[in-house]
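First up is the structure itself, then whatever we jot down about it.
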There are 2 protein chains.
Amino acid sequence: MLKSIILFSFLVGCALALGPAVLATKGAVWPKPQAEEKTQDYYTILPHGFNFKVPDNVGCPNFLNDALTRYWTIIATAGSKVSQNSWTRFQADGNFLGTLQTLNIDLEAGCESEDIYPKEGDSENYTLVVDAQGATLSASTIWGVLRGLETFSQLIYVEQDSLIINGTTITDGPRFTYRGLLIDTSRHFEPLTIIFAMLDAMAYNKFNVFHWHIVDDHSFPYKSRTYPELSDEGAYHPFSKIYEQSDVARVIEYARLRGIRVIPEFDTPGHTSSWGASHPELLTACYSNNEPNGNFGPMDPTKNSTYDFVTQLFTEIVDVFPDNYFHIGGDEVDFTCWQNNPDVGTFMGENNIATYKELESFYIQHVVDILDNLESQYLVWEEVFVNGVVLPNSTVVHVWKNNGLTTLRSVVQAGKRAVYSSCWYLSDLQSGGDWNGFYKCEPVALIDDEAELDLVVGGEACMWGEYVNEFSIVPRVWPRASAVAERLWSDREVTDVNDAARRLEEHTCRMNKRGIAAQPPNGPGFCP
Amino acid sequence: MLKSIILFSFLVGCALALGPAVLATKGAVWPKPQAEEKTQDYYTILPHGFNFKVPDNVGCPNFLNDALTRYWTIIATAGSKVSQNSWTRFQADGNFLGTLQTLNIDLEAGCESEDIYPKEGDSENYTLVVDAQGATLSASTIWGVLRGLETFSQLIYVEQDSLIINGTTITDGPRFTYRGLLIDTSRHFEPLTIIFAMLDAMAYNKFNVFHWHIVDDHSFPYKSRTYPELSDEGAYHPFSKIYEQSDVARVIEYARLRGIRVIPEFDTPGHTSSWGASHPELLTACYSNNEPNGNFGPMDPTKNSTYDFVTQLFTEIVDVFPDNYFHIGGDEVDFTCWQNNPDVGTFMGENNIATYKELESFYIQHVVDILDNLESQYLVWEEVFVNGVVLPNSTVVHVWKNNGLTTLRSVVQAGKRAVYSSCWYLSDLQSGGDWNGFYKCEPVALIDDEAELDLVVGGEACMWGEYVNEFSIVPRVWPRASAVAERLWSDREVTDVNDAARRLEEHTCRMNKRGIAAQPPNGPGFCP
């Protein structure tokens, strides 16, 4: 009675559908490493008899210890039901290398400080060797160590009642330096526990940017220290549905310890209705029949007080969020209220502004200047570029609309940097396991020039919050966003959907095992 | 940056999107009662100062006490943050009726026994009156009391810091007597806690049939006492992913106490791969090049041993499940292996069976005879009817394919009873809040004749399990299935989607509050 097509039925026997639709791999890595060789040799691991050997004088022992504790726990938990003596039965096998007791960590260049924060362009490369001499993870940065630890943890699998790791040589690093996930906490508020779970899952998928679309039209959950009234009046609830300064600090720290940048977005001049709950003077009054009708449109670009307010707020934001990038939005500005507000018309006449697009650019140019003065760099949605705002080359243009491949090419041909999202809207649903569409999307399909390719810094999966709440966001995102993670990390030639399906089946169960409420990717099945 | 259409944006102000997309009702009932009048008068309720007054000699005091305990807890929890003294501020208001301390329950015909089990056609009607004289719930059956208690609990809402119930007169009862939800525990195993949560949510939506699609091709989680090897070999895991007899009994009891029938489905002759894990002789061996190729098709209809096995198993099932209906499947039979197995060809020749459809009917006719001998009634998927199997008029034909409205009409025109599901496949996803499509579907749009209308016993929402696991099934089903619940309970003229959206917004928060992880129905919003 199932009408929907079983996408992977071609992978199972023709008539006997017993068991899972897709056979999961064992010990396969997601996202797929750049270069990986495995041998038939293998170790067993005694979960509670395993340790890490760390460099002396690493520079950030607490940071590293936090990571090693996480991964020690993951490994111990993977093997919690494993018999400590089971390895003895392997001893007659010529491929059996014995018990692996130690992962040696070689952090070549040390770690500058406990406060180290990930920056765009920081190396995440690592090498991992498991052979008869033991196991060694080498990286030049602490971020490479984090990525290598994740890979190491994924190589371990359960075979009968033993934890096994095969002889393996991996040389790895990301294809794109910016691999983001957008979470929208304005349309529905997401509690901190959910954000922490999402950051955990991001680390399991080697994402490195949390784009926090923290406020929007519907609510303003960020509790500003400069303007607390913004959330007092503009949040869904002034106490229970806000992010206190201490909450924001915890999110940033939780992410940092996983090598994830937190880029906040305070989108203007549209998407700001919630700002108007406490500061209606910031918004453009809408008119009907030459009188204000009580509604409000985008930010009012005609008043100096608007820019003064934005300067004060953004000065705070740049201080609160350590990332050197800030997403300033600039998308989907509805011109209706600019058109019917007579003061806006007068202002445009006085300032020789002929069109509403020019007025939008006038506004954004002011915001860009504010950020330049704050020595912050910024991302903008593609409209800002398309409308011709003068932008420094450090700007990252976030491409999201249809025909994104063409827009992306225009951006890099203009010498600007770009992040791509057009095909990775997780709010777009298909029946069945719909990760394939995300997986098959190649962001630079239209770009050949090497210098232009270098300007594509990466991509981002977007989970807009209209139709997800705290009960549904985790299974909605995972493992669908995992498809984007592999596209952004792995080599461009990694496009085998059948191979990906088998690894994603394992990876989804891996996430489930680690407490991430991911939904099934491939049809019928179960986690062992 | 949101590409998907905001379905309900027409409900909010043109330019100011602040706050939820749809304003929730307060104290509105889902599904909408047949007749409801509310007044401006109102009581407050002191949550812990509230009680029920129950009939003497009710006949099933424990059953009733279980229900009253549930609803007392729901009411007390709704008001757990409510000030006990807040009602004093209402005293000056002429509409204020005081504090409602008691709901009187008038169970007119008593309750036959503690073991009472819901049957098709049992009355679920009730009347509920809240006026200056107090509050009274009247029903002729215990099922009506359950439905009325649910309604009563939904009438109560929080206003400022008080629990309020308005003066209300409701006369209510279902449009259709069969209002089902299918859960598939074969494609993914669902733990008991999830099934209990689903049954709770069903009660909150006045569903009354849990169609348990318990086994299928991919796994056989039912632990048979006659043939335990079926799950030993055919479940995803022989201990952790099965339903013991005691588990099944708990599900039936949990459902019974909520007025929900449990109808098991053991689908044959297709969808039986998992049976073959322990009993391959039940299945038709597939041939290639005149030799068995190791694969297996549907049940082997040519052997007496097949029917003997089915008789033994179904004798057990009819004993284990108290419902007088049993879903025997009969859908989607793949004829390939019947076609290439030479023994099947010989059998057909000897028995003058000309087509594979006839052979399928031959098989089903045997199963139908088995059930008739067991004095059990049954549902069948529509293929069984379409293929011309001789069926008694007690049979319910389950219509699920496209063109279902036409098929449904054919079924009732042939004098058979019918349940409709074609437009209520919860596995079919649309971006955004897609409950509207389910809501707008009118099952008897093509049927005018009164006697034929009477043969449509109801409908069923189907949650096929290919793409949902224990982490995603609850938000996938709720509140989408709620749309089906209202279509099947409320009057045919209840079709106002905007009104439904506001009530569903409240109802979803109500479910969340009661521990059901429902997803948001209508776009941006929050639960108070």
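Residue numbering restarts at 1 for every chain of the structure tokens, chains are lettered A, B, ... in their displayed order, and ligands are numbered from 1 as they appear.
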
Problem set entry | 6 Å contacts from chain A to chain B using only C-alpha atoms, as a list in words |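 Residues of chain A within 6 Å of chain B, counting only C-alpha atoms: Ala15, Leu16, Ala17, Leu18, Gly19, Arg187, His188, Asp217, His218, Ser273, Ser274, Asn295, Phe296, Gly297, Asp428, Leu429, Gln430, Ser431, Glu466, Tyr467, Phe471, Ser472, Pro475, Ala517, Gln519, Pro520, Gly523, Pro524 and Gly525 of chain A.
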
Select from range 219-357 of chain A everything DSSP, run on the backbone, classes as alpha helix (DSSP H), then give the selection as a compact mmCIF listing (two decimals) with C-alpha atoms, in the first residue's frame.
```
# COMPACT_ATOMS: atom_id res chain seq x y z
CA GLU A 229 13.89 46.45 25.20
CA LEU A 230 14.39 44.86 21.77
CA SER A 231 13.81 41.42 23.28
CA ASP A 232 11.67 42.62 26.18
CA GLU A 233 9.10 43.74 23.61
CA GLY A 234 10.14 41.85 20.49
CA GLN A 245 24.31 37.31 27.00
CA SER A 246 25.45 34.31 29.02
CA ASP A 247 23.56 31.96 26.68
CA VAL A 248 25.20 33.52 23.63
CA ALA A 249 28.60 33.18 25.29
CA ARG A 250 27.95 29.49 25.99
CA VAL A 251 26.94 28.87 22.38
CA ILE A 252 30.08 30.58 21.10
CA GLU A 253 32.27 28.61 23.50
CA TYR A 254 30.54 25.29 22.73
CA ALA A 255 31.07 25.93 19.03
CA ARG A 256 34.67 27.14 19.40
CA ASN A 304 20.15 59.80 10.98
CA SER A 305 18.69 58.29 14.14
CA THR A 306 18.29 54.96 12.33
CA TYR A 307 21.98 54.83 11.57
CA ASP A 308 22.89 55.95 15.08
CA PHE A 309 20.85 53.09 16.51
CA VAL A 310 22.36 50.54 14.13
CA THR A 311 25.84 51.83 14.97
CA GLN A 312 25.24 51.33 18.69
CA LEU A 313 23.73 47.88 18.28
CA PHE A 314 26.29 46.63 15.78
CA THR A 315 29.14 47.91 17.95
CA GLU A 316 27.78 45.61 20.63
CA ILE A 317 27.36 42.67 18.24
CA VAL A 318 30.90 42.95 16.94
CA ASP A 319 32.08 42.92 20.54
CA VAL A 320 29.92 39.98 21.64
CA THR A 336 5.61 49.23 -0.53
CA CYS A 337 5.92 51.47 2.50
CA TRP A 338 8.83 53.40 1.06
CA GLN A 339 6.64 54.04 -1.94
CA ASN A 340 3.64 55.33 -0.01
CA PRO A 342 5.66 60.93 1.59
CA ASP A 343 8.73 61.69 3.74
CA VAL A 344 10.65 58.98 1.94
CA GLY A 345 9.68 60.53 -1.39
CA THR A 346 10.85 63.95 -0.23
CA PHE A 347 14.13 62.51 1.01
CA MET A 348 14.77 60.75 -2.27
CA GLY A 349 14.15 63.98 -4.16
CA GLU A 350 16.53 65.94 -1.95
CA TYR A 356 13.90 52.25 -4.43
CA LYS A 357 16.75 49.91 -5.26
```

Exercise. Which residues come within 12 Å of Asp369 in chain A, counting only C-alpha atoms, excluding same-chain residues fewer than 4 positions away, as a PyMOL selection string?
Worked result: chain A and resi 307+310-311+314+328+361-365+373-378+389-392

Could you please take those selected residues and save N, CA, C and O atoms as a compact mmCIF listing (two decimals), in the first residue's frame?
```txt
# COMPACT_ATOMS: atom_id res chain seq x y z
N TYR A 307 20.59 55.25 11.68
CA TYR A 307 21.98 54.83 11.57
C TYR A 307 22.69 54.90 12.92
O TYR A 307 23.57 54.09 13.22
N VAL A 310 21.67 51.70 14.71
CA VAL A 310 22.36 50.54 14.13
C VAL A 310 23.84 50.56 14.53
O VAL A 310 24.42 49.51 14.85
N THR A 311 24.43 51.74 14.56
CA THR A 311 25.84 51.83 14.97
C THR A 311 26.01 51.32 16.40
O THR A 311 26.92 50.53 16.69
N PHE A 314 25.29 47.44 16.47
CA PHE A 314 26.29 46.63 15.78
C PHE A 314 27.65 46.72 16.47
O PHE A 314 28.45 45.77 16.40
N ILE A 328 25.12 40.74 7.54
CA ILE A 328 24.27 41.93 7.69
C ILE A 328 23.02 41.87 6.83
O ILE A 328 22.28 42.84 6.72
N SER A 361 20.25 50.59 -1.59
CA SER A 361 21.70 50.62 -1.64
C SER A 361 22.26 51.75 -0.76
O SER A 361 23.30 51.59 -0.12
N PHE A 362 21.55 52.86 -0.76
CA PHE A 362 21.94 53.99 0.10
C PHE A 362 21.98 53.54 1.55
O PHE A 362 22.94 53.81 2.30
N TYR A 363 20.95 52.81 1.96
CA TYR A 363 20.89 52.31 3.34
C TYR A 363 22.05 51.34 3.61
O TYR A 363 22.79 51.48 4.58
N ILE A 364 22.17 50.34 2.73
CA ILE A 364 23.19 49.30 2.95
C ILE A 364 24.59 49.92 2.94
O ILE A 364 25.46 49.51 3.72
N GLN A 365 24.77 50.92 2.08
CA GLN A 365 26.09 51.55 2.04
C GLN A 365 26.44 52.14 3.41
O GLN A 365 27.58 52.04 3.87
N ASN A 373 34.01 50.80 9.79
CA ASN A 373 34.55 51.57 10.92
C ASN A 373 34.81 50.67 12.12
O ASN A 373 35.72 50.94 12.92
N LEU A 374 34.00 49.62 12.26
CA LEU A 374 34.19 48.70 13.39
C LEU A 374 35.26 47.64 13.07
O LEU A 374 35.51 46.75 13.87
N GLU A 375 35.83 47.76 11.88
CA GLU A 375 36.85 46.80 11.43
C GLU A 375 36.32 45.37 11.43
O GLU A 375 37.06 44.43 11.70
N SER A 376 35.03 45.23 11.14
CA SER A 376 34.45 43.91 10.97
C SER A 376 34.24 43.66 9.48
O SER A 376 33.91 44.57 8.72
N GLN A 377 34.42 42.42 9.08
CA GLN A 377 34.06 42.04 7.72
C GLN A 377 32.65 41.49 7.74
O GLN A 377 32.07 41.29 8.81
N TYR A 378 32.07 41.26 6.54
CA TYR A 378 30.64 40.94 6.54
C TYR A 378 30.26 40.07 5.37
O TYR A 378 30.91 40.05 4.33
N VAL A 389 25.67 47.81 -4.61
CA VAL A 389 26.32 48.49 -3.49
C VAL A 389 27.84 48.31 -3.62
O VAL A 389 28.31 47.26 -4.02
N VAL A 390 28.57 49.39 -3.29
CA VAL A 390 30.03 49.33 -3.36
C VAL A 390 30.54 48.50 -2.17
O VAL A 390 30.28 48.83 -1.01
N LEU A 391 31.21 47.41 -2.47
CA LEU A 391 31.63 46.48 -1.42
C LEU A 391 33.13 46.24 -1.51
O LEU A 391 33.67 46.09 -2.61
N PRO A 392 33.81 46.17 -0.37
CA PRO A 392 35.22 45.79 -0.42
C PRO A 392 35.34 44.32 -0.82
O PRO A 392 34.38 43.55 -0.71
```

Problem set entry | Between CA of Glu450 in chain A and CA of Ala483 in chain A, distance in Å (one decimal) |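 If I compute the distance from CA of Glu450 in chain A to CA of Ala483 in chain A, I get 25.0 Å.
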
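Between CA of Arg503 in chain A and CA of Asp41 in chain A the interatomic distance comes to 20.9 Å.
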
Problem set entry | Shortest interatomic distance to Ile74 in chain B - which of B:Leu149, B:Val129, B:Ala24, B:Ala451, counting only C-alpha atoms |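 Looking only at the distances to Ile74 in chain B, the closest residue turns out to be B:Leu149.
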
For this session: Could you tell me which of A:Arg258, A:Thr177, A:Ile194, A:Tyr42 comes closest to Phe90 in chain A if we count only C-alpha atoms?
Result: A:Tyr42

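Here the question is which of A:Ala414, A:Val145, A:Ala354, A:Met202 gets nearest to Arg480 in chain A using only C-alpha atoms, and that residue is A:Met202.
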
Problem set entry | Residues near Gln91 in chain A, cut-off 12 Å, only C-alpha atoms, skip fewer than 6 positions along chain, as a list in words |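 That gives Tyr42, Tyr43, Thr44, Asn85, Leu97, Gly98 and Thr99 of chain A.
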
Problem set entry | Residues within 7 Å of Ala461 in chain A, only C-alpha atoms, excluding chain neighbours under 5 positions, as a PyMOL selection string | chain A and resi 180-182+421+424-426+481+484

Produce a file of the selected residues containing all heavy atoms, as a PDB file, in the first residue's frame.
```pdb
ATOM      1  N   GLY A 180      28.865  25.861   6.099  1.00  0.00           N
ATOM      2  CA  GLY A 180      27.972  26.428   7.099  1.00  0.00           C
ATOM      3  C   GLY A 180      26.606  25.767   7.200  1.00  0.00           C
ATOM      4  O   GLY A 180      26.129  25.091   6.288  1.00  0.00           O
ATOM      5  N   LEU A 181      25.988  25.986   8.350  1.00  0.00           N
ATOM      6  CA  LEU A 181      24.592  25.614   8.572  1.00  0.00           C
ATOM      7  C   LEU A 181      23.893  26.815   9.194  1.00  0.00           C
ATOM      8  O   LEU A 181      24.365  27.354  10.203  1.00  0.00           O
ATOM      9  CB  LEU A 181      24.494  24.411   9.513  1.00  0.00           C
ATOM     10  CG  LEU A 181      23.063  24.000   9.902  1.00  0.00           C
ATOM     11  CD1 LEU A 181      22.293  23.455   8.695  1.00  0.00           C
ATOM     12  CD2 LEU A 181      23.088  22.942  11.009  1.00  0.00           C
ATOM     13  N   LEU A 182      22.801  27.240   8.558  1.00  0.00           N
ATOM     14  CA  LEU A 182      21.992  28.333   9.098  1.00  0.00           C
ATOM     15  C   LEU A 182      20.877  27.768   9.965  1.00  0.00           C
ATOM     16  O   LEU A 182      20.161  26.849   9.549  1.00  0.00           O
ATOM     17  CB  LEU A 182      21.392  29.153   7.952  1.00  0.00           C
ATOM     18  CG  LEU A 182      20.467  30.323   8.342  1.00  0.00           C
ATOM     19  CD1 LEU A 182      20.540  31.425   7.277  1.00  0.00           C
ATOM     20  CD2 LEU A 182      19.015  29.898   8.528  1.00  0.00           C
ATOM     21  N   SER A 421      24.110  28.810  -1.371  1.00  0.00           N
ATOM     22  CA  SER A 421      23.053  28.100  -0.636  1.00  0.00           C
ATOM     23  C   SER A 421      21.857  27.711  -1.493  1.00  0.00           C
ATOM     24  O   SER A 421      20.977  26.999  -1.001  1.00  0.00           O
ATOM     25  CB  SER A 421      22.535  28.971   0.523  1.00  0.00           C
ATOM     26  OG  SER A 421      23.428  28.965   1.608  1.00  0.00           O
ATOM     27  N   TRP A 424      20.462  24.260  -1.279  1.00  0.00           N
ATOM     28  CA  TRP A 424      20.578  23.608   0.019  1.00  0.00           C
ATOM     29  C   TRP A 424      19.615  24.179   1.044  1.00  0.00           C
ATOM     30  O   TRP A 424      19.968  24.382   2.213  1.00  0.00           O
ATOM     31  CB  TRP A 424      22.037  23.677   0.504  1.00  0.00           C
ATOM     32  CG  TRP A 424      22.960  22.865  -0.365  1.00  0.00           C
ATOM     33  CD1 TRP A 424      22.721  21.635  -0.897  1.00  0.00           C
ATOM     34  CD2 TRP A 424      24.277  23.233  -0.814  1.00  0.00           C
ATOM     35  NE1 TRP A 424      23.802  21.201  -1.639  1.00  0.00           N
ATOM     36  CE2 TRP A 424      24.774  22.166  -1.608  1.00  0.00           C
ATOM     37  CE3 TRP A 424      25.088  24.355  -0.619  1.00  0.00           C
ATOM     38  CZ2 TRP A 424      26.038  22.195  -2.196  1.00  0.00           C
ATOM     39  CZ3 TRP A 424      26.353  24.381  -1.198  1.00  0.00           C
ATOM     40  CH2 TRP A 424      26.809  23.311  -1.979  1.00  0.00           C
ATOM     41  N   TYR A 425      18.380  24.421   0.586  1.00  0.00           N
ATOM     42  CA  TYR A 425      17.343  24.881   1.505  1.00  0.00           C
ATOM     43  C   TYR A 425      16.676  23.667   2.139  1.00  0.00           C
ATOM     44  O   TYR A 425      15.890  22.966   1.492  1.00  0.00           O
ATOM     45  CB  TYR A 425      16.332  25.739   0.738  1.00  0.00           C
ATOM     46  CG  TYR A 425      16.651  27.216   0.821  1.00  0.00           C
ATOM     47  CD1 TYR A 425      17.963  27.667   0.684  1.00  0.00           C
ATOM     48  CD2 TYR A 425      15.656  28.160   1.068  1.00  0.00           C
ATOM     49  CE1 TYR A 425      18.270  29.018   0.782  1.00  0.00           C
ATOM     50  CE2 TYR A 425      15.957  29.510   1.170  1.00  0.00           C
ATOM     51  CZ  TYR A 425      17.256  29.925   1.023  1.00  0.00           C
ATOM     52  OH  TYR A 425      17.559  31.271   1.121  1.00  0.00           O
ATOM     53  N   LEU A 426      16.970  23.440   3.377  1.00  0.00           N
ATOM     54  CA  LEU A 426      16.442  22.249   4.045  1.00  0.00           C
ATOM     55  C   LEU A 426      14.943  22.356   4.292  1.00  0.00           C
ATOM     56  O   LEU A 426      14.293  21.352   4.621  1.00  0.00           O
ATOM     57  CB  LEU A 426      17.183  22.013   5.362  1.00  0.00           C
ATOM     58  CG  LEU A 426      18.703  21.853   5.240  1.00  0.00           C
ATOM     59  CD1 LEU A 426      19.346  21.776   6.627  1.00  0.00           C
ATOM     60  CD2 LEU A 426      19.073  20.614   4.431  1.00  0.00           C
ATOM     61  N   ALA A 481      21.354  17.488   6.025  1.00  0.00           N
ATOM     62  CA  ALA A 481      22.479  18.427   5.926  1.00  0.00           C
ATOM     63  C   ALA A 481      23.805  17.701   5.759  1.00  0.00           C
ATOM     64  O   ALA A 481      24.777  18.286   5.263  1.00  0.00           O
ATOM     65  CB  ALA A 481      22.514  19.325   7.168  1.00  0.00           C
ATOM     66  N   VAL A 484      25.112  17.927   2.345  1.00  0.00           N
ATOM     67  CA  VAL A 484      25.786  19.192   2.046  1.00  0.00           C
ATOM     68  C   VAL A 484      27.199  19.171   2.630  1.00  0.00           C
ATOM     69  O   VAL A 484      28.163  19.643   2.006  1.00  0.00           O
ATOM     70  CB  VAL A 484      24.974  20.378   2.613  1.00  0.00           C
ATOM     71  CG1 VAL A 484      25.620  21.703   2.220  1.00  0.00           C
ATOM     72  CG2 VAL A 484      23.520  20.312   2.136  1.00  0.00           C
TER      73      VAL A 484
END
```

Just the residues within 10 Å of Gln413 in chain B, please, counting only C-alpha atoms, with nothing from its chain fewer than 6 positions along; format it as a PDB file with N, CA, C and O atoms, in the first residue's frame.
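Once written, result38.pdb looks like this:
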```pdb
ATOM      1  N   THR B 407     -13.086   4.479  -6.840  1.00  0.00           N
ATOM      2  CA  THR B 407     -13.069   3.116  -6.298  1.00  0.00           C
ATOM      3  C   THR B 407     -14.022   3.002  -5.119  1.00  0.00           C
ATOM      4  O   THR B 407     -14.764   2.018  -4.988  1.00  0.00           O
ATOM      5  N   ILE B 447     -20.405  10.342  -3.793  1.00  0.00           N
ATOM      6  CA  ILE B 447     -21.497   9.442  -3.380  1.00  0.00           C
ATOM      7  C   ILE B 447     -22.679  10.263  -2.870  1.00  0.00           C
ATOM      8  O   ILE B 447     -22.500  11.120  -2.002  1.00  0.00           O
ATOM      9  N   ASP B 449     -26.163   8.640  -2.708  1.00  0.00           N
ATOM     10  CA  ASP B 449     -27.200   7.762  -2.183  1.00  0.00           C
ATOM     11  C   ASP B 449     -26.993   7.502  -0.696  1.00  0.00           C
ATOM     12  O   ASP B 449     -25.892   7.163  -0.242  1.00  0.00           O
ATOM     13  N   ALA B 451     -28.039   5.121   1.337  1.00  0.00           N
ATOM     14  CA  ALA B 451     -27.641   3.760   1.725  1.00  0.00           C
ATOM     15  C   ALA B 451     -26.173   3.523   1.395  1.00  0.00           C
ATOM     16  O   ALA B 451     -25.446   2.852   2.146  1.00  0.00           O
ATOM     17  N   GLU B 452     -25.717   4.084   0.288  1.00  0.00           N
ATOM     18  CA  GLU B 452     -24.305   3.937  -0.072  1.00  0.00           C
ATOM     19  C   GLU B 452     -23.424   4.723   0.887  1.00  0.00           C
ATOM     20  O   GLU B 452     -22.346   4.263   1.292  1.00  0.00           O
ATOM     21  N   LEU B 453     -23.873   5.913   1.269  1.00  0.00           N
ATOM     22  CA  LEU B 453     -23.110   6.705   2.248  1.00  0.00           C
ATOM     23  C   LEU B 453     -22.925   5.932   3.546  1.00  0.00           C
ATOM     24  O   LEU B 453     -21.858   5.969   4.166  1.00  0.00           O
ATOM     25  N   LEU B 455     -22.499   2.938   3.933  1.00  0.00           N
ATOM     26  CA  LEU B 455     -21.499   1.864   3.800  1.00  0.00           C
ATOM     27  C   LEU B 455     -20.065   2.385   3.933  1.00  0.00           C
ATOM     28  O   LEU B 455     -19.123   1.604   4.076  1.00  0.00           O
TER      29      LEU B 455
END
```

For this session: Enumerate, as number ranges by chain, the complete set of residues in range 179-408 of chain B that a backbone-based DSSP assignment places in strand (DSSP E or B).
Result: B: 179-184, 209-213, 222, 243, 261-268, 283-288, 291-299, 325-329, 377-381, 396-399

For this session: Find the spatial neighbours of Leu103 in chain B, counting only C-alpha atoms, within a cut-off of 9 Å - ignore same-chain residues fewer than 3 positions away - and output them as a PyMOL selection string.
Result: chain B and resi 50-54+100+130+134-137+152

Write out, as a short mmCIF file (atom, residue, chain, number, x, y, z; two decimals), in the first residue's frame, the residues just selected, with C-alpha atoms.
```cif
data_model
loop_
_atom_site.label_atom_id
_atom_site.label_comp_id
_atom_site.auth_asym_id
_atom_site.auth_seq_id
_atom_site.Cartn_x
_atom_site.Cartn_y
_atom_site.Cartn_z
CA PHE B 50 -11.31 20.60 40.91
CA ASN B 51 -13.11 17.24 40.99
CA PHE B 52 -15.39 14.94 39.05
CA LYS B 53 -18.66 13.59 40.36
CA VAL B 54 -19.23 10.14 38.94
CA LEU B 100 -16.15 25.67 38.82
CA VAL B 130 -21.44 24.41 31.33
CA GLY B 134 -22.52 23.98 36.93
CA ALA B 135 -21.07 21.55 34.43
CA THR B 136 -22.49 18.22 33.28
CA LEU B 137 -21.23 15.67 30.81
CA PHE B 152 -14.09 19.40 28.38
#
```

For this session: Enter the distance from CA of Ser113 in chain B to CA of Ser138 in chain B, in Å, rounded to one decimal.
Result: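 A separation of 18.7 Å between them.
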